[in-house]
$ cat coords17.pdb   # PDB, C-alpha atoms
MODEL        1
ATOM      1  CA  MET A  21      -5.250 -52.580  91.849
ATOM      2  CA  ASN A  22      -2.921 -54.920  89.957
ATOM      3  CA  LYS A  23       0.701 -54.474  91.062
ATOM      4  CA  LYS A  24       1.896 -54.210  87.437
ATOM      5  CA  ILE A  25      -0.496 -51.318  86.809
ATOM      6  CA  ILE A  26       0.688 -49.523  89.959
ATOM      7  CA  LEU A  27       4.329 -49.981  88.962
ATOM      8  CA  SER A  28       3.600 -48.736  85.442
ATOM      9  CA  ILE A  29       1.878 -45.604  86.758
ATOM     10  CA  LEU A  30       4.797 -44.930  89.098
ATOM     11  CA  SER A  31       7.212 -45.455  86.185
ATOM     12  CA  VAL A  32       5.400 -42.863  84.082
ATOM     13  CA  PHE A  33       5.432 -40.378  86.974
ATOM     14  CA  ILE A  34       9.144 -40.902  87.619
ATOM     15  CA  LEU A  35       9.962 -40.680  83.902
ATOM     16  CA  ASN A  36       8.084 -37.387  83.518
ATOM     17  CA  VAL A  37       9.731 -35.888  86.589
ATOM     18  CA  VAL A  38      13.271 -37.208  86.268
ATOM     19  CA  MET A  39      13.761 -37.750  82.535
ATOM     20  CA  GLY A  40      12.029 -34.573  81.441
ATOM     21  CA  GLN A  41       8.597 -33.368  80.408
ATOM     22  CA  VAL A  42       7.771 -36.047  77.828
ATOM     23  CA  ILE A  43       4.269 -37.388  78.414
ATOM     24  CA  ILE A  44       3.502 -40.994  77.444
ATOM     25  CA  PHE A  45       0.149 -42.310  76.180
ATOM     26  CA  PRO A  46      -1.131 -44.882  76.953
ATOM     27  CA  ILE A  47       0.518 -46.184  80.123
ATOM     28  CA  PRO A  48       2.251 -49.405  79.050
ATOM     29  CA  ILE A  49       1.583 -52.565  81.030
ATOM     30  CA  GLY A  50       4.727 -54.668  81.032
ATOM     31  CA  LYS A  51       4.710 -58.314  80.045
ATOM     32  CA  ALA A  52       7.317 -61.024  80.145
ATOM     33  CA  LEU A  53       9.093 -61.684  76.874
ATOM     34  CA  MET A  54      11.586 -64.401  76.043
ATOM     35  CA  PRO A  55      14.238 -62.732  73.866
ATOM     36  CA  GLU A  56      14.825 -64.726  70.703
ATOM     37  CA  HIS A  57      17.923 -62.829  69.588
ATOM     38  CA  GLY A  58      20.434 -64.889  71.494
ATOM     39  CA  PHE A  59      20.775 -65.895  75.114
ATOM     40  CA  LEU A  60      24.220 -64.447  75.814
ATOM     41  CA  PRO A  61      24.240 -61.191  77.767
ATOM     42  CA  GLY A  62      23.987 -57.966  75.818
ATOM     43  CA  SER A  63      25.439 -54.540  76.461
ATOM     44  CA  LYS A  64      23.256 -51.819  77.949
ATOM     45  CA  PHE A  65      20.934 -49.921  75.604
ATOM     46  CA  LYS A  66      22.616 -46.679  74.486
ATOM     47  CA  PHE A  67      21.258 -43.381  73.226
ATOM     48  CA  TYR A  68      23.243 -42.123  70.253
ATOM     49  CA  PRO A  69      23.516 -38.416  69.358
ATOM     50  CA  THR A  70      22.237 -37.075  66.062
ATOM     51  CA  ILE A  71      24.642 -37.266  63.136
ATOM     52  CA  ARG A  72      24.197 -33.583  62.343
ATOM     53  CA  GLN A  73      23.849 -30.774  64.869
ATOM     54  CA  TYR A  74      20.551 -28.903  65.083
ATOM     55  CA  ASP A  75      19.736 -25.553  66.663
ATOM     56  CA  LEU A  76      16.303 -25.861  68.259
ATOM     57  CA  LYS A  77      16.831 -23.250  70.991
ATOM     58  CA  GLY A  78      13.744 -21.316  69.938
ATOM     59  CA  PHE A  79      11.385 -24.210  70.672
ATOM     60  CA  LYS A  80       9.488 -24.586  73.948
ATOM     61  CA  LEU A  81       7.443 -27.736  73.530
ATOM     62  CA  ARG A  82       4.892 -29.892  75.240
ATOM     63  CA  VAL A  83       5.889 -33.338  73.948
ATOM     64  CA  GLU A  84       3.426 -36.216  73.917
ATOM     65  CA  VAL A  85       4.599 -39.696  72.944
ATOM     66  CA  TYR A  86       1.998 -42.289  71.950
ATOM     67  CA  ASP A  87       2.341 -46.027  71.402
ATOM     68  CA  ASP A  88       0.205 -46.723  68.320
ATOM     69  CA  ARG A  89       1.668 -50.119  67.476
ATOM     70  CA  GLU A  90      -1.493 -52.026  68.372
ATOM     71  CA  THR A  91      -3.699 -49.827  66.206
ATOM     72  CA  ALA A  92      -1.237 -49.407  63.300
ATOM     73  CA  LYS A  93      -0.477 -53.156  63.142
ATOM     74  CA  LEU A  94       2.402 -52.637  60.723
ATOM     75  CA  THR A  95       4.049 -55.665  59.166
ATOM     76  CA  LYS A  96       6.904 -53.508  57.825
ATOM     77  CA  THR A  97       7.908 -49.875  57.590
ATOM     78  CA  HIS A  98       6.975 -47.752  54.582
ATOM     79  CA  CYS A  99      10.620 -47.543  53.502
ATOM     80  CA  SER A 100      11.628 -51.206  53.678
ATOM     81  CA  ASP A 101      10.612 -54.620  52.398
ATOM     82  CA  ILE A 102      11.969 -56.275  55.542
ATOM     83  CA  GLU A 103       9.016 -57.581  57.539
ATOM     84  CA  PHE A 104       8.614 -57.391  61.287
ATOM     85  CA  THR A 105       8.840 -60.674  63.158
ATOM     86  CA  ASN A 106       8.291 -59.078  66.575
ATOM     87  CA  THR A 107      10.654 -61.540  68.227
ATOM     88  CA  SER A 108      13.084 -58.976  69.663
ATOM     89  CA  GLU A 109      12.778 -57.549  73.150
ATOM     90  CA  PHE A 110      11.504 -54.289  71.621
ATOM     91  CA  THR A 111       8.105 -55.917  71.132
ATOM     92  CA  ASN A 112       7.560 -55.279  74.836
ATOM     93  CA  PRO A 113       5.127 -52.398  75.551
ATOM     94  CA  ASN A 114       7.782 -50.817  77.767
ATOM     95  CA  CYS A 115       9.782 -50.053  74.622
ATOM     96  CA  ILE A 116       7.779 -46.808  74.491
ATOM     97  CA  PHE A 117       9.838 -45.604  77.461
ATOM     98  CA  LYS A 118      13.006 -45.903  75.359
ATOM     99  CA  VAL A 119      11.410 -43.953  72.526
ATOM    100  CA  SER A 120      10.257 -41.205  74.893
ATOM    101  CA  GLN A 121      13.705 -41.007  76.504
ATOM    102  CA  TYR A 122      15.253 -40.752  73.062
ATOM    103  CA  VAL A 123      12.961 -37.889  72.052
ATOM    104  CA  ASP A 124      13.642 -36.155  75.374
ATOM    105  CA  THR A 125      17.415 -36.633  75.132
ATOM    106  CA  LEU A 126      17.862 -35.512  71.531
ATOM    107  CA  LEU A 127      15.551 -32.504  71.849
ATOM    108  CA  LYS A 128      17.483 -31.290  74.873
ATOM    109  CA  GLN A 129      20.841 -31.926  73.191
ATOM    110  CA  SER A 130      19.618 -29.743  70.311
ATOM    111  CA  GLY A 131      18.676 -26.907  72.651
ATOM    112  CA  ALA A 132      14.890 -27.285  72.772
ATOM    113  CA  THR A 133      13.038 -26.629  76.039
ATOM    114  CA  LEU A 134      10.506 -29.232  77.158
ATOM    115  CA  ASP A 135       7.599 -27.871  79.201
ATOM    116  CA  SER A 136       4.404 -29.811  79.873
ATOM    117  CA  THR A 137       2.521 -26.510  80.339
ATOM    118  CA  SER A 138       3.471 -25.186  76.890
ATOM    119  CA  THR A 139       0.693 -24.656  74.350
ATOM    120  CA  ASP A 140       3.068 -25.627  71.530
ATOM    121  CA  THR A 141       2.290 -29.355  71.410
ATOM    122  CA  LEU A 142       4.362 -31.921  69.554
ATOM    123  CA  GLN A 143       2.987 -35.449  69.184
ATOM    124  CA  VAL A 144       5.294 -38.373  68.411
ATOM    125  CA  ARG A 145       3.439 -41.601  67.671
ATOM    126  CA  LEU A 146       5.330 -44.899  67.510
ATOM    127  CA  GLU A 147       3.789 -47.052  64.779
ATOM    128  CA  GLY A 148       6.323 -49.879  64.544
ATOM    129  CA  ILE A 149       9.758 -51.021  65.643
ATOM    130  CA  ASP A 150      11.752 -54.204  65.270
ATOM    131  CA  ALA A 151      15.328 -55.411  64.989
ATOM    132  CA  ARG A 152      16.169 -58.200  62.560
ATOM    133  CA  LEU A 153      19.267 -60.364  62.282
ATOM    134  CA  ILE A 154      19.078 -61.742  58.757
ATOM    135  CA  GLY A 155      21.286 -64.313  57.090
ATOM    136  CA  PHE A 156      23.115 -67.561  57.719
ATOM    137  CA  GLY A 157      26.761 -67.398  58.682
ATOM    138  CA  TYR A 158      27.131 -63.804  57.497
ATOM    139  CA  ILE A 159      24.410 -61.938  59.382
ATOM    140  CA  ARG A 160      23.114 -58.471  58.542
ATOM    141  CA  ALA A 161      21.541 -56.481  61.387
ATOM    142  CA  HIS A 162      18.530 -54.330  60.471
ATOM    143  CA  GLY A 163      16.963 -51.658  62.669
ATOM    144  CA  LEU A 164      13.380 -50.924  61.629
ATOM    145  CA  CYS A 165      11.374 -48.049  63.039
ATOM    146  CA  GLN A 166       8.450 -45.877  62.003
ATOM    147  CA  ILE A 167       6.901 -42.884  63.754
ATOM    148  CA  LYS A 168       4.214 -40.367  62.885
ATOM    149  CA  VAL A 169       4.731 -36.766  63.984
ATOM    150  CA  LYS A 170       1.926 -34.248  64.428
ATOM    151  CA  TYR A 171       2.946 -30.611  64.820
ATOM    152  CA  HIS A 172       1.357 -27.276  63.898
ATOM    153  CA  GLY A 173      -1.527 -29.002  62.152
ATOM    154  CA  LEU A 174       0.779 -31.035  59.915
ATOM    155  CA  GLU A 175       1.287 -34.794  60.021
ATOM    156  CA  LYS A 176       4.320 -36.599  58.637
ATOM    157  CA  THR A 177       5.559 -40.182  58.755
ATOM    158  CA  TYR A 178       9.232 -41.009  59.205
ATOM    159  CA  CYS A 179      10.733 -44.467  58.841
ATOM    160  CA  SER A 180      14.113 -46.148  58.938
ATOM    161  CA  ASP A 181      15.747 -49.377  57.861
ATOM    162  CA  ILE A 182      19.324 -48.927  59.025
ATOM    163  CA  THR A 183      21.816 -51.796  58.781
ATOM    164  CA  ASP A 184      25.199 -52.424  60.324
ATOM    165  CA  ALA A 185      26.713 -51.680  56.896
ATOM    166  CA  ASP A 186      25.308 -48.126  56.740
ATOM    167  CA  LYS A 187      27.711 -45.221  57.242
ATOM    168  CA  ASN A 188      25.653 -43.868  60.155
ATOM    169  CA  SER A 189      25.492 -47.190  61.970
ATOM    170  CA  PRO A 190      27.124 -47.259  65.442
ATOM    171  CA  ILE A 191      28.155 -50.865  64.772
ATOM    172  CA  SER A 192      30.146 -52.339  61.903
ATOM    173  CA  PRO A 193      29.357 -55.640  60.136
ATOM    174  CA  ASN A 194      32.564 -57.135  61.544
ATOM    175  CA  ALA A 195      32.010 -56.109  65.165
ATOM    176  CA  LEU A 196      32.555 -58.904  67.684
ATOM    177  CA  VAL A 197      29.398 -58.587  69.766
ATOM    178  CA  THR A 198      26.633 -60.900  70.934
ATOM    179  CA  ARG A 199      23.433 -61.117  68.923
ATOM    180  CA  LYS A 200      21.549 -59.362  71.713
ATOM    181  CA  THR A 201      24.040 -56.476  71.707
ATOM    182  CA  ALA A 202      23.760 -56.142  67.925
ATOM    183  CA  THR A 203      19.974 -56.069  68.251
ATOM    184  CA  ARG A 204      20.053 -53.320  70.868
ATOM    185  CA  ILE A 205      22.546 -51.178  68.990
ATOM    186  CA  ILE A 206      20.764 -51.333  65.649
ATOM    187  CA  ALA A 207      17.319 -50.776  67.224
ATOM    188  CA  SER A 208      18.678 -47.734  69.023
ATOM    189  CA  ALA A 209      20.153 -46.432  65.774
ATOM    190  CA  SER A 210      16.783 -46.827  64.036
ATOM    191  CA  MET A 211      15.093 -44.717  66.727
ATOM    192  CA  ARG A 212      17.739 -42.034  66.337
ATOM    193  CA  GLU A 213      17.315 -42.064  62.547
ATOM    194  CA  VAL A 214      13.577 -41.346  62.551
ATOM    195  CA  ILE A 215      13.910 -38.646  65.206
ATOM    196  CA  GLU A 216      16.704 -37.009  63.229
ATOM    197  CA  HIS A 217      14.611 -37.060  60.046
ATOM    198  CA  PHE A 218      12.007 -35.050  61.949
ATOM    199  CA  PHE A 219      14.650 -32.678  63.361
ATOM    200  CA  ALA A 220      15.880 -31.970  59.825
ATOM    201  CA  ASP A 221      12.362 -30.919  58.796
ATOM    202  CA  LEU A 222      11.915 -28.874  61.954
ATOM    203  CA  ASP A 223      15.258 -27.155  61.424
ATOM    204  CA  VAL A 224      14.411 -25.985  57.895
ATOM    205  CA  GLY A 225      10.939 -24.779  58.848
ATOM    206  CA  SER A 226       8.866 -27.493  57.162
ATOM    207  CA  TYR A 227       6.272 -27.309  59.952
ATOM    208  CA  LYS A 228       5.695 -23.547  59.825
TER     209      LYS A 228
ENDMDL
END

$ encode --input "coords17.pdb" --output "C-alpha cells"
Amino acid sequence: MNKKIILSILSVFILNVVMGQVIIFPIPIGKALMPEHGFLPGSKFKFYPTIRQYDLKGFKLRVEVYDDRETAKLTKTHCSDIEFTNTSEFTNPNCIFKVSQYVDTLLKQSGATLDSTSTDTLQVRLEGIDARLIGFGYIRAHGLCQIKVKYHGLEKTYCSDITDADKNSPISPNALVTRKTATRIIASASMREVIEHFFADLDVGSYK
C-alpha cells in the first residue's frame, strides 16, 4: 500500500483518538504544495475561541466532518464576491484536519460532549476555503470559508468573508507580520466564523 495512504489512515486514527471523536470523510491524501503567500516563515496556525459564549452542555453528538470541496467546486462563497484562487496552503487536502480540529475544539469549549457512538449525528461539510491577500502596497487580508451543516433533518449553509479590518478579526490591518502569518490568521478566523454562525443557530433552537 502507498506510504502516503498508510500515513493518512494513521493520521485519521490518531486524530479521532487524541483530538476527540470527530470523524473525517474521506481520508485526505496529502500532496506537496508550494505556498504562494510569501516565502518568509509564518507563525503556527492558531485556533481562536468563539466571540460569544455558548452553552451546549445538553448536546451529546456524533460529529462527522466531510471534505466536499472537489464536488462543490466553488469559485467563491455565497456571501462574497471575492473569488478563490486556491494558491494558499489551505488548498491542501489535509486542511480538513484543521477544520475537524476546530469543530472539535469549539464544541468542547462550549460544553458539548463528542461521542462517536451517539445516535445524534451532526454533519459538517467543508465546501470551500481560501485566504486572499488583495491589493498593492496596502494589502487587505480576506478569509473565505463555506460549510454546509446537516442536523436533525435540516440543512443550512454558512459562509464567511472576514477581513483584517473587521472587528472580530484576530489581526489588525497594521499588524507587522509576514504574508504567510496573515494568511494563516485570517483563514483560521474564517473557520471560526462559520462554526460560530452554526453555534448561534444551535443555541437558539433553530435545528429543533

$ closest_residue --input "coords17.pdb" --among "A:Phe67, A:Met211, A:Ser108, A:Ile102" --to "Arg199 in chain A" --atoms "all atoms listed in the file"
A:Ser108

$ residues_around --input "coords17.pdb" --residues "Leu153 in chain A" --least-positions-apart "4" --cutoff "8 Å" --atoms "all atoms listed in the file" --output "PyMOL selection string"
chain A and resi 57+159-162+199+203

$ resolve_selection --input "coords17.pdb" --expression "the PyMOL selection byres ((chain A and resi 173-185) around 8)" --output "PyMOL selection string"
chain A and resi 97-100+160-172+186-187+189-193+206+209-211+213-215+217-218+227

$ write_last_selection --input "coords17.pdb" --atoms "C-alpha atoms" --output "PDB file, in the frame of the given file"
ATOM      1  CA  THR A  97       7.908 -49.875  57.590  1.00  0.00           C
ATOM      2  CA  HIS A  98       6.975 -47.752  54.582  1.00  0.00           C
ATOM      3  CA  CYS A  99      10.620 -47.543  53.502  1.00  0.00           C
ATOM      4  CA  SER A 100      11.628 -51.206  53.678  1.00  0.00           C
ATOM      5  CA  ARG A 160      23.114 -58.471  58.542  1.00  0.00           C
ATOM      6  CA  ALA A 161      21.541 -56.481  61.387  1.00  0.00           C
ATOM      7  CA  HIS A 162      18.530 -54.330  60.471  1.00  0.00           C
ATOM      8  CA  GLY A 163      16.963 -51.658  62.669  1.00  0.00           C
ATOM      9  CA  LEU A 164      13.380 -50.924  61.629  1.00  0.00           C
ATOM     10  CA  CYS A 165      11.374 -48.049  63.039  1.00  0.00           C
ATOM     11  CA  GLN A 166       8.450 -45.877  62.003  1.00  0.00           C
ATOM     12  CA  ILE A 167       6.901 -42.884  63.754  1.00  0.00           C
ATOM     13  CA  LYS A 168       4.214 -40.367  62.885  1.00  0.00           C
ATOM     14  CA  VAL A 169       4.731 -36.766  63.984  1.00  0.00           C
ATOM     15  CA  LYS A 170       1.926 -34.248  64.428  1.00  0.00           C
ATOM     16  CA  TYR A 171       2.946 -30.611  64.820  1.00  0.00           C
ATOM     17  CA  HIS A 172       1.357 -27.276  63.898  1.00  0.00           C
ATOM     18  CA  ASP A 186      25.308 -48.126  56.740  1.00  0.00           C
ATOM     19  CA  LYS A 187      27.711 -45.221  57.242  1.00  0.00           C
ATOM     20  CA  SER A 189      25.492 -47.190  61.970  1.00  0.00           C
ATOM     21  CA  PRO A 190      27.124 -47.259  65.442  1.00  0.00           C
ATOM     22  CA  ILE A 191      28.155 -50.865  64.772  1.00  0.00           C
ATOM     23  CA  SER A 192      30.146 -52.339  61.903  1.00  0.00           C
ATOM     24  CA  PRO A 193      29.357 -55.640  60.136  1.00  0.00           C
ATOM     25  CA  ILE A 206      20.764 -51.333  65.649  1.00  0.00           C
ATOM     26  CA  ALA A 209      20.153 -46.432  65.774  1.00  0.00           C
ATOM     27  CA  SER A 210      16.783 -46.827  64.036  1.00  0.00           C
ATOM     28  CA  MET A 211      15.093 -44.717  66.727  1.00  0.00           C
ATOM     29  CA  GLU A 213      17.315 -42.064  62.547  1.00  0.00           C
ATOM     30  CA  VAL A 214      13.577 -41.346  62.551  1.00  0.00           C
ATOM     31  CA  ILE A 215      13.910 -38.646  65.206  1.00  0.00           C
ATOM     32  CA  HIS A 217      14.611 -37.060  60.046  1.00  0.00           C
ATOM     33  CA  PHE A 218      12.007 -35.050  61.949  1.00  0.00           C
ATOM     34  CA  TYR A 227       6.272 -27.309  59.952  1.00  0.00           C
TER      35      TYR A 227
END

$ closest_residue --input "coords17.pdb" --among "A:Ile154, A:Val144, A:Ile149, A:Ile44" --to "Phe117 in chain A" --atoms "only C-alpha atoms"
A:Ile44

$ closest_residue --input "coords17.pdb" --among "A:Ile43, A:Leu81, A:Ile205, A:Leu222" --to "Thr139 in chain A" --atoms "all atoms listed in the file"
A:Leu81

$ closest_residue --input "coords17.pdb" --among "A:Asp140, A:Asp221, A:Glu84, A:Asp75" --to "Val123 in chain A" --atoms "all atoms listed in the file"
A:Glu84

$ atom_distance --input "coords17.pdb" --atom1 "CA of Ser136 in chain A" --atom2 "CA of Pro113 in chain A"
23.0 Å

$ closest_residue --input "coords17.pdb" --among "A:Glu90, A:Pro69, A:Ser130, A:Cys115" --to "Phe219 in chain A" --atoms "only C-alpha atoms"
A:Ser130

$ closest_residue --input "coords17.pdb" --among "A:Thr198, A:Lys128, A:Lys118, A:Thr137" --to "Lys66 in chain A" --atoms "only C-alpha atoms"
A:Lys118

$ atom_distance --input "coords17.pdb" --atom1 "CA of Ala207 in chain A" --atom2 "CA of Ala151 in chain A"
5.5 Å

$ atom_distance --input "coords17.pdb" --atom1 "CA of Val119 in chain A" --atom2 "CA of Asp87 in chain A"
9.4 Å

$ resolve_selection --input "coords17.pdb" --expression "the PyMOL selection byres ((chain A and resi 131) around 10)" --output "list in words"
Tyr74, Asp75, Leu76, Lys77, Gly78, Phe79, Lys80, Leu126, Leu127, Lys128, Gln129, Ser130, Ala132, Thr133 and Leu134 of chain A

$ build_atoms --input "coords17.pdb" --residues "range 155-166 of chain A" --atoms "all heavy atoms" --output "CSV table (one decimal), in the frame of the given file"
chain,number,residue,atom,x,y,z
A,155,GLY,N,20.2,-63.6,57.8
A,155,GLY,CA,21.3,-64.3,57.1
A,155,GLY,C,21.7,-65.5,57.8
A,155,GLY,O,21.4,-65.8,59.0
A,156,PHE,N,22.6,-66.3,57.1
A,156,PHE,CA,23.1,-67.6,57.7
A,156,PHE,C,24.6,-67.5,57.6
A,156,PHE,O,25.1,-67.4,56.5
A,156,PHE,CB,22.6,-68.8,57.0
A,156,PHE,CG,21.1,-69.0,57.1
A,156,PHE,CD1,20.3,-68.5,56.1
A,156,PHE,CD2,20.5,-69.6,58.2
A,156,PHE,CE1,18.9,-68.6,56.2
A,156,PHE,CE2,19.1,-69.7,58.3
A,156,PHE,CZ,18.3,-69.2,57.3
A,157,GLY,N,25.3,-67.6,58.7
A,157,GLY,CA,26.8,-67.4,58.7
A,157,GLY,C,27.1,-65.9,58.7
A,157,GLY,O,27.6,-65.4,59.7
A,158,TYR,N,26.9,-65.2,57.6
A,158,TYR,CA,27.1,-63.8,57.5
A,158,TYR,C,25.8,-63.1,57.8
A,158,TYR,O,24.9,-63.1,56.9
A,158,TYR,CB,27.7,-63.4,56.1
A,158,TYR,CG,28.1,-62.0,56.0
A,158,TYR,CD1,29.3,-61.6,56.6
A,158,TYR,CD2,27.3,-61.0,55.5
A,158,TYR,CE1,29.7,-60.2,56.5
A,158,TYR,CE2,27.7,-59.7,55.4
A,158,TYR,CZ,28.9,-59.3,55.9
A,158,TYR,OH,29.3,-58.0,55.9
A,159,ILE,N,25.7,-62.5,58.9
A,159,ILE,CA,24.4,-61.9,59.4
A,159,ILE,C,24.4,-60.4,59.2
A,159,ILE,O,25.4,-59.7,59.6
A,159,ILE,CB,24.1,-62.3,60.9
A,159,ILE,CG1,24.0,-63.8,61.0
A,159,ILE,CG2,22.9,-61.6,61.4
A,159,ILE,CD1,23.9,-64.3,62.4
A,160,ARG,N,23.3,-59.9,58.7
A,160,ARG,CA,23.1,-58.5,58.5
A,160,ARG,C,22.1,-58.0,59.6
A,160,ARG,O,21.0,-58.6,59.7
A,160,ARG,CB,22.6,-58.1,57.1
A,160,ARG,CG,22.3,-56.6,56.9
A,160,ARG,CD,23.5,-55.7,56.9
A,160,ARG,NE,24.3,-56.0,55.7
A,160,ARG,CZ,25.6,-56.1,55.6
A,160,ARG,NH1,26.3,-56.1,56.8
A,160,ARG,NH2,26.2,-56.3,54.5
A,161,ALA,N,22.4,-57.0,60.4
A,161,ALA,CA,21.5,-56.5,61.4
A,161,ALA,C,20.7,-55.3,60.8
A,161,ALA,O,21.3,-54.4,60.2
A,161,ALA,CB,22.3,-56.0,62.6
A,162,HIS,N,19.4,-55.4,61.0
A,162,HIS,CA,18.5,-54.3,60.5
A,162,HIS,C,17.8,-53.7,61.6
A,162,HIS,O,17.2,-54.4,62.5
A,162,HIS,CB,17.5,-54.9,59.5
A,162,HIS,CG,18.0,-55.3,58.2
A,162,HIS,ND1,17.8,-54.5,57.0
A,162,HIS,CD2,18.7,-56.3,57.7
A,162,HIS,CE1,18.4,-55.0,56.0
A,162,HIS,NE2,18.9,-56.2,56.4
A,163,GLY,N,17.8,-52.4,61.7
A,163,GLY,CA,17.0,-51.7,62.7
A,163,GLY,C,15.8,-51.0,61.9
A,163,GLY,O,16.0,-50.2,61.0
A,164,LEU,N,14.6,-51.4,62.3
A,164,LEU,CA,13.4,-50.9,61.6
A,164,LEU,C,12.5,-50.1,62.6
A,164,LEU,O,12.2,-50.6,63.7
A,164,LEU,CB,12.6,-52.1,61.1
A,164,LEU,CG,13.3,-53.1,60.3
A,164,LEU,CD1,12.6,-54.5,60.2
A,164,LEU,CD2,13.6,-52.6,58.9
A,165,CYS,N,12.2,-48.9,62.2
A,165,CYS,CA,11.4,-48.0,63.0
A,165,CYS,C,10.5,-47.1,62.2
A,165,CYS,O,11.0,-46.6,61.1
A,165,CYS,CB,12.3,-47.2,64.0
A,165,CYS,SG,11.4,-46.3,65.2
A,166,GLN,N,9.3,-46.8,62.7
A,166,GLN,CA,8.4,-45.9,62.0
A,166,GLN,C,7.7,-45.1,63.0
A,166,GLN,O,7.1,-45.7,64.0
A,166,GLN,CB,7.5,-46.6,61.0
A,166,GLN,CG,6.6,-45.6,60.3
A,166,GLN,CD,5.9,-46.3,59.1
A,166,GLN,OE1,6.5,-46.9,58.3
A,166,GLN,NE2,4.6,-46.1,59.0
